[in-house]
Amino acid sequence: MRTVVFAAALAALHGCAHVDAGRPVAPSSAAATSGTGALPSEAEPRRLDFQALLAPDQAVTIDNPYGDVRLRFGGFAHALEIHAVLQQPADAAAIAVQPGVEGGRYRFAPRLPAGAIVAPGQRLDVVAFIPLGHAVAVRTERGLVESRGVRGDIELESVSGDIAIRGTQGSVRAQTGGGSIEASFETAPKGSRQRLATSTGNIVLAVDDHLGATLELATSGVFATEFSLDVEHLANREPNKRAHATIGGDGARVAVESRRGEIRLLRRNAFTPLGGTPADQEYEDNDSD
């Protein structure tokens with residue numbers, strides 16, 4: 001199942017370099033890693049694979065300024081898998097990839113050498129399989145962040161990229177600058193305080209009638225909803241409108257904020273998000289073990 005998901009998420013995979021728990025192993029003829037974690041310059045896309053056994057409840061950080069990050073459910077053991085595709089022009093500075101533990105968290109944070117800038121066509125796209133119960137924080141620059149079926153708390157941030165969230169069984173905090181946010185929630189964890197925020201982008205949130213949360217929405221744009229909202233107009237302020245809705249009980253809080261974008265609050269059973277799969281099927285392919 002993971003092979004199918006990874007192939008669908010990232011195309012054009014050529015070659016492999018394997019790393020166990022952040023430590024390079026012997027290079028193969030297809031690819032090589034240096035002792036410093038620097039990757040060789042290659043014109044063709046290159047696949048890199050990383051694995052680590054996490055301590056119980058150990059959190060994960062993925063900080064990737066060079067492309068997209070996609071999260072998937074990684075099973076019931078504490079095994080983390082990260083698969084990446086590097087596009088490395090021959091004349092570009094090499095991106096260093098050397099994951100490891102920092103401050104108690106497992107950290108995957110590729111970086112160019114100090115002073116180097118991203119070359120045209122240079123990028124690194126990541127798919128991470130997050131095991132049950134492990135919190136994960138993701139950051140990108142302009143890249144997409146997508147979380148699907150993760151069974152733990154997630155914090156997603158992008159400077160200007162879009163964010164898409166489906167089938168999460170944990171609390172969600174997501175923020176972007178000019179990007180849009182598309183999310184589908186089933187039941188909010190009791191007592192959680194969740195947040196979706198974008199500076200100028202649109203937000204689409206699909207929920208069930210048994211969400212179990214009070215939603216606090218704010219924007220200077222338009223509210224579009226299939227639920228009843230109590231709307232308050234705020235003169236001389238931005239956002240200039242605030243709305244509240246309690247859906248299925250008041251056991252959690254969900255803040256939905258955009259300074260100028262449209263906020264759409266929809267029923268989940270009629271919502272088809274990114275990829276065209278109906279939201280009510282979003283848990284069906286998350287049985288990795």
# chains A, B, ... in the order shown; residues from 1 in each chain; ligands from 1

call {"tool": "select_by_dssp", "arguments": {"residues": "stretch 123-217 of chain A", "states": "strand (DSSP E)", "output": "ChimeraX atom specification"}}
result
/A:123-130,136-140,145-148,154-158,163-166,172-176,181-185,193-198,203-207,213-217

call {"tool": "closest_atom_pairs", "arguments": {"of": "stretch 141-184 of chain A", "to": "stretch 245-257 of chain A", "cutoff": "10 Å", "atoms": "only C-alpha atoms", "output": "Markdown table"}}
result
| residue | atom | partner | partner_atom | distance |
| --- | --- | --- | --- | --- |
| A:Ser171 | CA | A:Val254 | CA | 9.6 |
| A:Val172 | CA | A:Val254 | CA | 9.0 |
| A:Arg173 | CA | A:Val254 | CA | 9.3 |
| A:Ala174 | CA | A:Val256 | CA | 9.7 |
| A:Gln175 | CA | A:Glu257 | CA | 9.3 |
| A:Ile181 | CA | A:Val256 | CA | 9.9 |

call {"tool": "write_last_selection", "arguments": {"atoms": "C-alpha atoms", "output": "JSON list (two decimals), in the first residue's frame"}}
result
[["chain", "number", "residue", "atom", "x", "y", "z"],
["A", 171, "SER", "CA", -5.64, 18.21, 16.59],
["A", 172, "VAL", "CA", -4.80, 20.46, 13.63],
["A", 173, "ARG", "CA", -3.02, 23.79, 13.45],
["A", 174, "ALA", "CA", -2.35, 25.10, 9.94],
["A", 175, "GLN", "CA", -1.13, 28.48, 8.76],
["A", 181, "ILE", "CA", -6.36, 25.93, 3.00]]

call {"tool": "residues_around", "arguments": {"residues": "A:Asn64", "least_positions_apart": "4", "cutoff": "9 Å", "atoms": "only C-alpha atoms", "output": "JSON, numbers by chain"}}
result
{"A": [68, 69, 108, 109, 110, 111, 124, 125, 126, 138, 139, 140, 141, 143]}

call {"tool": "residues_around", "arguments": {"residues": "stretch 146-155 of chain A", "least_positions_apart": "3", "cutoff": "10 Å", "atoms": "only C-alpha atoms", "output": "number ranges by chain"}}
result
A: 57, 59-61, 68-76, 127-139, 143, 162-175, 181-184, 189, 194-195, 274, 282-287

call {"tool": "atom_distance", "arguments": {"atom1": "atom CA of A:Leu229", "atom2": "atom CA of A:Val207"}}
result
14.1 Å
